[in-house]
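Listing of upload-v1.cif, mmCIF, C-alpha atoms and all ligand atoms
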```cif
data_input
#
loop_
_atom_site.group_PDB
_atom_site.id
_atom_site.type_symbol
_atom_site.label_atom_id
_atom_site.label_comp_id
_atom_site.auth_asym_id
_atom_site.auth_seq_id
_atom_site.Cartn_x
_atom_site.Cartn_y
_atom_site.Cartn_z
ATOM 1 C CA MET P 1 -18.676 2.503 7.207
ATOM 2 C CA ASP P 2 -17.174 0.603 10.173
ATOM 3 C CA LEU P 3 -14.068 -0.854 8.505
ATOM 4 C CA LYS P 4 -12.465 -1.824 11.830
ATOM 5 C CA SER P 5 -15.170 -4.443 12.337
ATOM 6 C CA LEU P 6 -13.949 -6.075 9.087
ATOM 7 C CA ILE P 7 -10.283 -6.220 10.177
ATOM 8 C CA ARG P 8 -9.438 -9.220 12.361
ATOM 9 C CA ASP P 9 -6.797 -8.988 15.102
ATOM 10 C CA VAL P 10 -4.504 -12.016 15.197
ATOM 11 C CA PRO P 11 -2.124 -11.950 18.198
ATOM 12 C CA ASN P 12 1.397 -13.381 17.889
ATOM 13 C CA PHE P 13 1.335 -13.789 14.083
ATOM 14 C CA PRO P 14 3.577 -14.165 12.111
ATOM 15 C CA LYS P 15 5.894 -13.820 15.133
ATOM 16 C CA GLU P 16 5.510 -13.723 18.904
ATOM 17 C CA GLY P 17 4.615 -10.173 20.002
ATOM 18 C CA ILE P 18 3.127 -8.998 16.658
ATOM 19 C CA LEU P 19 -0.573 -8.118 16.512
ATOM 20 C CA PHE P 20 -1.400 -8.947 12.887
ATOM 21 C CA ARG P 21 -4.208 -6.891 11.307
ATOM 22 C CA ASP P 22 -5.938 -9.318 8.923
ATOM 23 C CA MET P 23 -8.043 -7.674 6.207
ATOM 24 C CA SER P 24 -9.480 -10.963 4.859
ATOM 25 C CA PRO P 25 -13.042 -10.260 6.124
ATOM 26 C CA LEU P 26 -12.931 -6.895 4.333
ATOM 27 C CA LEU P 27 -11.838 -8.570 1.075
ATOM 28 C CA GLN P 28 -14.914 -10.782 1.302
ATOM 29 C CA ASN P 29 -17.260 -7.791 1.543
ATOM 30 C CA ALA P 30 -17.953 -6.245 -1.876
ATOM 31 C CA GLU P 31 -19.584 -3.123 -0.429
ATOM 32 C CA ALA P 32 -16.610 -2.476 1.872
ATOM 33 C CA MET P 33 -14.115 -2.983 -0.972
ATOM 34 C CA ASP P 34 -16.026 -0.476 -3.087
ATOM 35 C CA PHE P 35 -16.011 1.986 -0.162
ATOM 36 C CA VAL P 36 -12.249 1.506 0.307
ATOM 37 C CA SER P 37 -11.476 1.955 -3.405
ATOM 38 C CA ARG P 38 -13.414 5.195 -3.543
ATOM 39 C CA ASN P 39 -12.266 6.683 -0.237
ATOM 40 C CA LEU P 40 -8.544 5.981 -0.629
ATOM 41 C CA VAL P 41 -8.575 8.505 -3.500
ATOM 42 C CA LYS P 42 -10.722 11.058 -1.665
ATOM 43 C CA ASP P 43 -8.323 14.002 -2.112
ATOM 44 C CA VAL P 44 -6.598 12.760 -5.263
ATOM 45 C CA ASP P 45 -7.039 14.336 -8.702
ATOM 46 C CA LEU P 46 -7.633 11.177 -10.740
ATOM 47 C CA SER P 47 -6.870 12.968 -14.001
ATOM 48 C CA GLN P 48 -3.248 13.056 -12.725
ATOM 49 C CA ILE P 49 -2.994 9.260 -12.202
ATOM 50 C CA ASP P 50 -2.153 6.664 -14.872
ATOM 51 C CA TYR P 51 -1.586 3.573 -12.681
ATOM 52 C CA PHE P 52 -2.329 2.347 -9.190
ATOM 53 C CA ALA P 53 0.884 0.698 -7.968
ATOM 54 C CA GLY P 54 0.365 -2.078 -5.407
ATOM 55 C CA ILE P 55 3.052 -3.361 -3.040
ATOM 56 C CA GLU P 56 3.252 -7.199 -2.986
ATOM 57 C CA SER P 57 1.184 -8.867 -1.960
ATOM 58 C CA ARG P 58 -1.881 -7.478 -0.158
ATOM 59 C CA GLY P 59 -1.260 -4.098 -1.775
ATOM 60 C CA PHE P 60 -1.854 -5.841 -5.138
ATOM 61 C CA ILE P 61 -5.411 -6.702 -4.157
ATOM 62 C CA LEU P 62 -6.337 -3.155 -3.171
ATOM 63 C CA ALA P 63 -4.497 -1.454 -6.057
ATOM 64 C CA ALA P 64 -5.981 -3.818 -8.673
ATOM 65 C CA HIS P 65 -9.495 -3.223 -7.296
ATOM 66 C CA MET P 66 -8.881 0.543 -7.403
ATOM 67 C CA ALA P 67 -7.561 0.290 -10.974
ATOM 68 C CA ALA P 68 -10.786 -1.462 -12.028
ATOM 69 C CA THR P 69 -13.018 0.957 -10.084
ATOM 70 C CA HIS P 70 -11.352 4.085 -11.438
ATOM 71 C CA LYS P 71 -10.539 2.714 -14.929
ATOM 72 C CA LYS P 72 -6.764 3.068 -14.591
ATOM 73 C CA GLY P 73 -3.808 0.740 -15.068
ATOM 74 C CA PHE P 74 -2.121 -1.426 -12.441
ATOM 75 C CA LEU P 75 1.607 -1.559 -11.659
ATOM 76 C CA PRO P 76 3.180 -4.282 -9.466
ATOM 77 C CA ILE P 77 5.883 -3.395 -6.942
ATOM 78 C CA ARG P 78 7.228 -6.892 -6.284
ATOM 79 C CA LYS P 79 9.579 -8.797 -4.068
ATOM 80 C CA ALA P 80 12.864 -9.005 -5.989
ATOM 81 C CA GLY P 81 13.435 -11.777 -8.534
ATOM 82 C CA LYS P 82 9.883 -12.182 -9.882
ATOM 83 C CA LEU P 83 9.687 -9.620 -12.700
ATOM 84 C CA PRO P 84 11.295 -9.909 -16.144
ATOM 85 C CA PRO P 85 13.726 -7.133 -17.186
ATOM 86 C CA PRO P 86 14.020 -4.190 -17.524
ATOM 87 C CA THR P 87 13.486 -3.521 -13.822
ATOM 88 C CA LEU P 88 15.107 -1.676 -10.936
ATOM 89 C CA LYS P 89 15.726 -3.123 -7.447
ATOM 90 C CA LEU P 90 16.141 -1.486 -4.054
ATOM 91 C CA SER P 91 17.179 -2.996 -0.713
ATOM 92 C CA TYR P 92 15.844 -1.539 2.504
ATOM 93 C CA ALA P 93 16.126 -2.231 6.205
ATOM 94 C CA LEU P 94 13.419 -4.096 8.105
ATOM 95 C CA GLU P 95 13.044 -4.236 11.882
ATOM 96 C CA TYR P 96 15.204 -7.381 11.686
ATOM 97 C CA GLY P 97 17.282 -7.894 8.539
ATOM 98 C CA SER P 98 16.530 -6.443 5.120
ATOM 99 C CA ALA P 99 14.247 -6.877 2.096
ATOM 100 C CA GLU P 100 14.426 -6.109 -1.599
ATOM 101 C CA ILE P 101 11.661 -4.810 -3.901
ATOM 102 C CA GLU P 102 11.637 -4.418 -7.669
ATOM 103 C CA LEU P 103 9.504 -2.756 -10.341
ATOM 104 C CA PRO P 104 9.442 -2.337 -14.131
ATOM 105 C CA LEU P 105 11.101 0.841 -15.450
ATOM 106 C CA GLY P 106 8.612 3.477 -16.600
ATOM 107 C CA ASN P 107 7.671 7.121 -16.582
ATOM 108 C CA SER P 108 3.940 7.143 -15.784
ATOM 109 C CA ARG P 109 2.138 9.039 -13.032
ATOM 110 C CA ILE P 110 1.303 6.667 -10.179
ATOM 111 C CA MET P 111 -0.475 6.357 -6.851
ATOM 112 C CA ILE P 112 1.164 3.803 -4.507
ATOM 113 C CA ILE P 113 -1.090 1.604 -2.339
ATOM 114 C CA ASP P 114 -0.405 -0.834 0.506
ATOM 115 C CA ASP P 115 -2.550 -2.537 3.111
ATOM 116 C CA VAL P 116 -0.730 -1.739 6.368
ATOM 117 C CA LEU P 117 1.763 1.033 7.191
ATOM 118 C CA ALA P 118 3.835 -0.165 10.163
ATOM 119 C CA THR P 119 7.380 1.262 10.537
ATOM 120 C CA GLY P 120 7.083 2.833 7.072
ATOM 121 C CA GLY P 121 10.203 1.150 5.677
ATOM 122 C CA THR P 122 8.356 -0.676 2.906
ATOM 123 C CA LEU P 123 6.284 2.284 1.719
ATOM 124 C CA GLN P 124 9.252 4.664 1.804
ATOM 125 C CA ALA P 125 11.343 2.176 -0.203
ATOM 126 C CA ALA P 126 8.497 1.839 -2.722
ATOM 127 C CA ILE P 127 8.329 5.633 -3.129
ATOM 128 C CA ASP P 128 12.126 5.948 -3.497
ATOM 129 C CA LEU P 129 12.355 3.038 -5.949
ATOM 130 C CA SER P 130 9.466 4.316 -8.082
ATOM 131 C CA LYS P 131 11.121 7.705 -8.436
ATOM 132 C CA LEU P 132 14.510 6.123 -9.252
ATOM 133 C CA ALA P 133 12.840 3.925 -11.902
ATOM 134 C CA GLY P 134 11.390 7.015 -13.620
ATOM 135 C CA TYR P 135 7.828 7.287 -12.256
ATOM 136 C CA ASP P 136 6.116 10.438 -11.042
ATOM 137 C CA VAL P 137 4.671 9.523 -7.609
ATOM 138 C CA LYS P 138 1.556 11.686 -7.336
ATOM 139 C CA ALA P 139 -0.025 10.153 -4.214
ATOM 140 C CA VAL P 140 0.227 7.337 -1.665
ATOM 141 C CA ALA P 141 -2.385 5.734 0.584
ATOM 142 C CA VAL P 142 -2.801 2.734 2.874
ATOM 143 C CA LEU P 143 -5.835 0.992 4.293
ATOM 144 C CA VAL P 144 -4.427 0.795 7.854
ATOM 145 C CA ASN P 145 -1.894 3.094 9.531
ATOM 146 C CA LEU P 146 -0.296 1.788 12.744
ATOM 147 C CA THR P 147 0.400 5.385 13.754
ATOM 148 C CA PHE P 148 2.271 4.454 16.951
ATOM 149 C CA LEU P 149 5.011 2.861 14.786
ATOM 150 C CA ASN P 150 5.723 5.692 12.335
ATOM 151 C CA LYS P 151 5.538 9.413 11.720
ATOM 152 C CA MET P 152 5.639 9.005 7.988
ATOM 153 C CA LYS P 153 4.715 11.882 5.705
ATOM 154 C CA PHE P 154 4.344 12.200 1.941
ATOM 155 C CA ASN P 155 4.667 15.703 0.447
ATOM 156 C CA ASN P 156 4.645 17.071 4.032
ATOM 157 C CA LYS P 157 1.284 15.485 4.849
ATOM 158 C CA GLU P 158 0.380 12.407 6.872
ATOM 159 C CA VAL P 159 -0.087 9.357 4.637
ATOM 160 C CA HIS P 160 -3.798 9.023 3.839
ATOM 161 C CA SER P 161 -5.388 5.992 5.558
ATOM 162 C CA LEU P 162 -8.935 4.829 6.306
ATOM 163 C CA VAL P 163 -8.213 3.010 9.603
ATOM 164 C CA GLN P 164 -5.794 4.009 12.356
ATOM 165 C CA TYR P 165 -4.610 2.144 15.449
HETATM 166 P P1 LIG E 1 6.693 -1.696 7.394
HETATM 167 O O1 LIG E 1 7.762 -1.745 6.341
HETATM 168 O O2 LIG E 1 7.237 -1.907 8.778
HETATM 169 O O3 LIG E 1 5.840 -0.442 7.308
HETATM 170 O O4 LIG E 1 5.764 -2.947 7.162
HETATM 171 C C1 LIG E 1 4.814 -2.882 6.206
HETATM 172 C C2 LIG E 1 4.523 -4.210 5.555
HETATM 173 O O5 LIG E 1 4.447 -5.297 6.484
HETATM 174 C C3 LIG E 1 3.190 -4.081 4.904
HETATM 175 O O6 LIG E 1 3.339 -4.476 3.552
HETATM 176 C C4 LIG E 1 2.248 -4.951 5.690
HETATM 177 O O7 LIG E 1 1.565 -5.806 4.813
HETATM 178 C C5 LIG E 1 3.111 -5.756 6.647
HETATM 179 N N1 LIG E 1 2.773 -5.553 8.083
HETATM 180 C C6 LIG E 1 3.553 -4.988 9.031
HETATM 181 N N2 LIG E 1 2.980 -5.005 10.246
HETATM 182 C C7 LIG E 1 1.770 -5.583 10.070
HETATM 183 C C8 LIG E 1 0.679 -5.906 10.966
HETATM 184 N N3 LIG E 1 0.704 -5.621 12.280
HETATM 185 N N4 LIG E 1 -0.404 -6.495 10.434
HETATM 186 C C9 LIG E 1 -0.457 -6.787 9.102
HETATM 187 N N5 LIG E 1 0.529 -6.537 8.241
HETATM 188 C C10 LIG E 1 1.638 -5.943 8.702
#
```

Whole structure given in structure tokens:
Amino acid sequence: MDLKSLIRDVPNFPKEGILFRDMSPLLQNAEAMDFVSRNLVKDVDLSQIDYFAGIESRGFILAAHMAATHKKGFLPIRKAGKLPPPTLKLSYALEYGSAEIELPLGNSRIMIIDDVLATGGTLQAAIDLSKLAGYDVKAVAVLVNLTFLNKMKFNNKEVHSLVQY
């Protein structure tokens, strides 16, 4: 399936110089969403996964769809300050400034999902935080990997993605 044709390029959003990859057309296509949900877990042993953990906020949409498709639970990895306790928080560096993410404490086996992997800071922080909070991170995947911005690996392998730029 040609997923790239369902990802819109928006120049200079949200800041001058950024080429934003907008997955809205893909979200509106039920067949494409089904394809994405099934192919993001292509090499994953689903018997080893309890929850799909989505990174706020577009990661929520993909992870929740995958949870429904594969009959698993959903876990939110949120921007700090939104979840009730008990939670754990982690700050991480962005290209400019810093951000903070938070998740409920737990000990389940999870697969972490996000829409776009850019520098990798967000996904790496999500992996680190999940482990610190008690989870067993079995797999990670993203819809889009901006490979020119990162060399990120998980368990010594390139992060699984369905679209690369
Ligand atoms: P990073 O921490 O640099 O890997 O940035 C990843 C987060 O920023 C993801 O959650 C994406 O949703 C968002 N993001 C970064 N760059 C882009 C882009 N060019 N288009 C769309 N989203 C982006």

Around ligand LIG 1 (chain E), with edges along x, y and z and 4 Å added on all six sides, what centre and edge lengths do you get, in Å to one decimal, as JSON?
```
{"center_x": 3.7, "center_y": -3.6, "center_z": 7.9, "size_x": 16.2, "size_y": 14.3, "size_z": 16.7}
```

Quick one: residues within 6 Å of ligand LIG 1 (chain E), with only C-alpha atoms and all ligand atoms, as number ranges by chain? P: 19-21, 115-122

From the list P:Phe13, P:Tyr165, P:Tyr92, P:Phe35, the nearest residue to His65 of chain P using only C-alpha atoms is P:Phe35

For this session: Check what the PyMOL selection byres (((chain P and resi 114) around 12) and not hetatm) selects in the file above and give those residues as a ChimeraX atom specification.
Result: /P:23,40,52-64,66,76-78,111-113,115-118,120-124,126-127,139-145,159-162

I'd like the residues picked by the PyMOL selection byres (((chain P and resi 6) around 9) and not hetatm) written out as number ranges by chain, using the chain letters and numbers from the file. P: 2-5, 7-8, 22-27, 29, 32

One decimal place gives the atom CA of Glu102 of chain P-atom CA of Tyr51 of chain P separation as 16.2 Å

Checklist entry - Which residue, P:Lys138, P:Lys151, P:Lys72, P:Arg38, has the smallest gap to Asp50 of chain P when you use all atoms listed in the file? => result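 Of P:Lys138, P:Lys151, P:Lys72, P:Arg38, the one nearest Asp50 of chain P is P:Lys72, counting all atoms listed in the file.
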
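Close contacts of Leu105 of chain P, defined as residues with an atom at most 12 Å away when counting all atoms listed in the file, with chain neighbours fewer than 6 positions off set aside, comprise Leu75, Pro76, Ile77, Leu83, Pro84, Pro85, Pro86, Thr87, Leu88, Lys89, Leu129, Ser130, Lys131, Leu132, Ala133, Gly134, Tyr135 and Asp136 of chain P.
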
Using all atoms listed in the file, which of P:Pro104, P:Arg109, P:Asp128, P:Met152 sits nearest Asp45 of chain P?
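Ranked by minimum distance to Asp45 of chain P, first place goes to P:Arg109.
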
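Between atom CA of Leu103 of chain P and atom CA of Val137 of chain P the interatomic distance comes to 13.5 Å.
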
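Going from atom CA of Val10 of chain P to atom CA of Gln28 of chain P covers 17.4 Å.
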
With all atoms listed in the file as the atoms that count, which of P:Glu16, P:Asp34, P:Glu95, P:Glu100 lies nearest to Ala68 of chain P?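 When distances to Ala68 of chain P are compared using all atoms listed in the file, the smallest one comes from P:Asp34.
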
### Query
Between P:Val44, P:Ile110, P:Ala93, P:Ala99, which one has atoms that come closest to Gly73 of chain P, using all atoms listed in the file?
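Of all the options, P:Ile110 lies closest to Gly73 of chain P.
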
For a quick check of understanding, using only C-alpha atoms, which of P:Ala125, P:Ile49, P:Val41, P:Ala67 has the smallest distance to Ser91 of chain P?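 Checking each candidate against Ser91 of chain P, we get P:Ala125 as the closest.
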
Please fill the gaps in segment 28-63 of chain P so it has N, CA and C atoms, and write that as a PDB file, keeping the file's coordinate frame.
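New file part.pdb:
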```pdb
ATOM      1  N   GLN P  28     -13.735  -9.959   1.620  1.00  0.00           N
ATOM      2  CA  GLN P  28     -14.914 -10.782   1.302  1.00  0.00           C
ATOM      3  C   GLN P  28     -16.202  -9.967   1.248  1.00  0.00           C
ATOM      4  N   ASN P  29     -16.083  -8.657   1.480  1.00  0.00           N
ATOM      5  CA  ASN P  29     -17.260  -7.791   1.543  1.00  0.00           C
ATOM      6  C   ASN P  29     -17.209  -6.791   0.380  1.00  0.00           C
ATOM      7  N   ALA P  30     -18.022  -7.035  -0.648  1.00  0.00           N
ATOM      8  CA  ALA P  30     -17.953  -6.245  -1.876  1.00  0.00           C
ATOM      9  C   ALA P  30     -18.245  -4.763  -1.616  1.00  0.00           C
ATOM     10  N   GLU P  31     -19.208  -4.517  -0.711  1.00  0.00           N
ATOM     11  CA  GLU P  31     -19.584  -3.123  -0.429  1.00  0.00           C
ATOM     12  C   GLU P  31     -18.423  -2.384   0.244  1.00  0.00           C
ATOM     13  N   ALA P  32     -17.744  -3.083   1.164  1.00  0.00           N
ATOM     14  CA  ALA P  32     -16.610  -2.476   1.872  1.00  0.00           C
ATOM     15  C   ALA P  32     -15.446  -2.229   0.907  1.00  0.00           C
ATOM     16  N   MET P  33     -15.198  -3.164  -0.007  1.00  0.00           N
ATOM     17  CA  MET P  33     -14.115  -2.983  -0.972  1.00  0.00           C
ATOM     18  C   MET P  33     -14.393  -1.783  -1.874  1.00  0.00           C
ATOM     19  N   ASP P  34     -15.647  -1.618  -2.259  1.00  0.00           N
ATOM     20  CA  ASP P  34     -16.026  -0.476  -3.087  1.00  0.00           C
ATOM     21  C   ASP P  34     -15.805   0.831  -2.314  1.00  0.00           C
ATOM     22  N   PHE P  35     -16.199   0.809  -1.022  1.00  0.00           N
ATOM     23  CA  PHE P  35     -16.011   1.986  -0.162  1.00  0.00           C
ATOM     24  C   PHE P  35     -14.521   2.326  -0.053  1.00  0.00           C
ATOM     25  N   VAL P  36     -13.695   1.302   0.163  1.00  0.00           N
ATOM     26  CA  VAL P  36     -12.249   1.506   0.307  1.00  0.00           C
ATOM     27  C   VAL P  36     -11.658   2.090  -0.985  1.00  0.00           C
ATOM     28  N   SER P  37     -12.002   1.493  -2.113  1.00  0.00           N
ATOM     29  CA  SER P  37     -11.476   1.955  -3.405  1.00  0.00           C
ATOM     30  C   SER P  37     -11.803   3.428  -3.653  1.00  0.00           C
ATOM     31  N   ARG P  38     -13.003   3.814  -3.282  1.00  0.00           N
ATOM     32  CA  ARG P  38     -13.414   5.195  -3.543  1.00  0.00           C
ATOM     33  C   ARG P  38     -12.827   6.174  -2.524  1.00  0.00           C
ATOM     34  N   ASN P  39     -12.720   5.744  -1.267  1.00  0.00           N
ATOM     35  CA  ASN P  39     -12.266   6.683  -0.237  1.00  0.00           C
ATOM     36  C   ASN P  39     -10.751   6.814  -0.133  1.00  0.00           C
ATOM     37  N   LEU P  40     -10.008   5.830  -0.638  1.00  0.00           N
ATOM     38  CA  LEU P  40      -8.544   5.981  -0.629  1.00  0.00           C
ATOM     39  C   LEU P  40      -8.096   7.080  -1.602  1.00  0.00           C
ATOM     40  N   VAL P  41      -8.948   7.451  -2.545  1.00  0.00           N
ATOM     41  CA  VAL P  41      -8.575   8.505  -3.500  1.00  0.00           C
ATOM     42  C   VAL P  41      -9.327   9.816  -3.219  1.00  0.00           C
ATOM     43  N   LYS P  42      -9.836   9.937  -2.000  1.00  0.00           N
ATOM     44  CA  LYS P  42     -10.722  11.058  -1.665  1.00  0.00           C
ATOM     45  C   LYS P  42     -10.157  12.433  -2.093  1.00  0.00           C
ATOM     46  N   ASP P  43      -8.889  12.687  -1.786  1.00  0.00           N
ATOM     47  CA  ASP P  43      -8.323  14.002  -2.112  1.00  0.00           C
ATOM     48  C   ASP P  43      -7.374  13.951  -3.308  1.00  0.00           C
ATOM     49  N   VAL P  44      -7.521  12.935  -4.141  1.00  0.00           N
ATOM     50  CA  VAL P  44      -6.598  12.760  -5.263  1.00  0.00           C
ATOM     51  C   VAL P  44      -7.278  13.196  -6.559  1.00  0.00           C
ATOM     52  N   ASP P  45      -6.537  13.959  -7.380  1.00  0.00           N
ATOM     53  CA  ASP P  45      -7.039  14.336  -8.702  1.00  0.00           C
ATOM     54  C   ASP P  45      -6.772  13.169  -9.658  1.00  0.00           C
ATOM     55  N   LEU P  46      -7.812  12.409  -9.956  1.00  0.00           N
ATOM     56  CA  LEU P  46      -7.633  11.177 -10.740  1.00  0.00           C
ATOM     57  C   LEU P  46      -7.159  11.443 -12.167  1.00  0.00           C
ATOM     58  N   SER P  47      -7.352  12.666 -12.646  1.00  0.00           N
ATOM     59  CA  SER P  47      -6.870  12.968 -14.001  1.00  0.00           C
ATOM     60  C   SER P  47      -5.334  12.991 -14.023  1.00  0.00           C
ATOM     61  N   GLN P  48      -4.718  13.022 -12.831  1.00  0.00           N
ATOM     62  CA  GLN P  48      -3.248  13.056 -12.725  1.00  0.00           C
ATOM     63  C   GLN P  48      -2.645  11.662 -12.537  1.00  0.00           C
ATOM     64  N   ILE P  49      -3.480  10.620 -12.495  1.00  0.00           N
ATOM     65  CA  ILE P  49      -2.994   9.260 -12.202  1.00  0.00           C
ATOM     66  C   ILE P  49      -3.163   8.356 -13.426  1.00  0.00           C
ATOM     67  N   ASP P  50      -2.077   7.662 -13.800  1.00  0.00           N
ATOM     68  CA  ASP P  50      -2.153   6.664 -14.872  1.00  0.00           C
ATOM     69  C   ASP P  50      -2.352   5.260 -14.298  1.00  0.00           C
ATOM     70  N   TYR P  51      -1.556   4.929 -13.245  1.00  0.00           N
ATOM     71  CA  TYR P  51      -1.586   3.573 -12.681  1.00  0.00           C
ATOM     72  C   TYR P  51      -1.726   3.618 -11.164  1.00  0.00           C
ATOM     73  N   PHE P  52      -2.403   2.616 -10.621  1.00  0.00           N
ATOM     74  CA  PHE P  52      -2.329   2.347  -9.190  1.00  0.00           C
ATOM     75  C   PHE P  52      -1.248   1.292  -9.000  1.00  0.00           C
ATOM     76  N   ALA P  53      -0.235   1.612  -8.202  1.00  0.00           N
ATOM     77  CA  ALA P  53       0.884   0.698  -7.968  1.00  0.00           C
ATOM     78  C   ALA P  53       0.685   0.025  -6.618  1.00  0.00           C
ATOM     79  N   GLY P  54       0.581  -1.319  -6.637  1.00  0.00           N
ATOM     80  CA  GLY P  54       0.365  -2.078  -5.407  1.00  0.00           C
ATOM     81  C   GLY P  54       1.659  -2.709  -4.940  1.00  0.00           C
ATOM     82  N   ILE P  55       1.869  -2.719  -3.613  1.00  0.00           N
ATOM     83  CA  ILE P  55       3.052  -3.361  -3.040  1.00  0.00           C
ATOM     84  C   ILE P  55       2.686  -4.808  -2.697  1.00  0.00           C
ATOM     85  N   GLU P  56       3.512  -5.765  -3.197  1.00  0.00           N
ATOM     86  CA  GLU P  56       3.252  -7.199  -2.986  1.00  0.00           C
ATOM     87  C   GLU P  56       3.144  -7.503  -1.495  1.00  0.00           C
ATOM     88  N   SER P  57       2.183  -8.331  -1.050  1.00  0.00           N
ATOM     89  CA  SER P  57       1.184  -8.867  -1.960  1.00  0.00           C
ATOM     90  C   SER P  57      -0.220  -8.329  -1.653  1.00  0.00           C
ATOM     91  N   ARG P  58      -0.516  -7.953  -0.414  1.00  0.00           N
ATOM     92  CA  ARG P  58      -1.881  -7.478  -0.158  1.00  0.00           C
ATOM     93  C   ARG P  58      -2.144  -6.129  -0.811  1.00  0.00           C
ATOM     94  N   GLY P  59      -1.096  -5.358  -1.048  1.00  0.00           N
ATOM     95  CA  GLY P  59      -1.260  -4.098  -1.775  1.00  0.00           C
ATOM     96  C   GLY P  59      -1.740  -4.332  -3.201  1.00  0.00           C
ATOM     97  N   PHE P  60      -1.389  -5.504  -3.780  1.00  0.00           N
ATOM     98  CA  PHE P  60      -1.854  -5.841  -5.138  1.00  0.00           C
ATOM     99  C   PHE P  60      -3.379  -5.875  -5.178  1.00  0.00           C
ATOM    100  N   ILE P  61      -3.960  -6.477  -4.149  1.00  0.00           N
ATOM    101  CA  ILE P  61      -5.411  -6.702  -4.157  1.00  0.00           C
ATOM    102  C   ILE P  61      -6.138  -5.361  -4.149  1.00  0.00           C
ATOM    103  N   LEU P  62      -5.688  -4.470  -3.273  1.00  0.00           N
ATOM    104  CA  LEU P  62      -6.337  -3.155  -3.171  1.00  0.00           C
ATOM    105  C   LEU P  62      -6.089  -2.335  -4.439  1.00  0.00           C
ATOM    106  N   ALA P  63      -4.829  -2.297  -4.894  1.00  0.00           N
ATOM    107  CA  ALA P  63      -4.497  -1.454  -6.057  1.00  0.00           C
ATOM    108  C   ALA P  63      -5.201  -1.958  -7.315  1.00  0.00           C
TER     109      ALA P  63
END
```
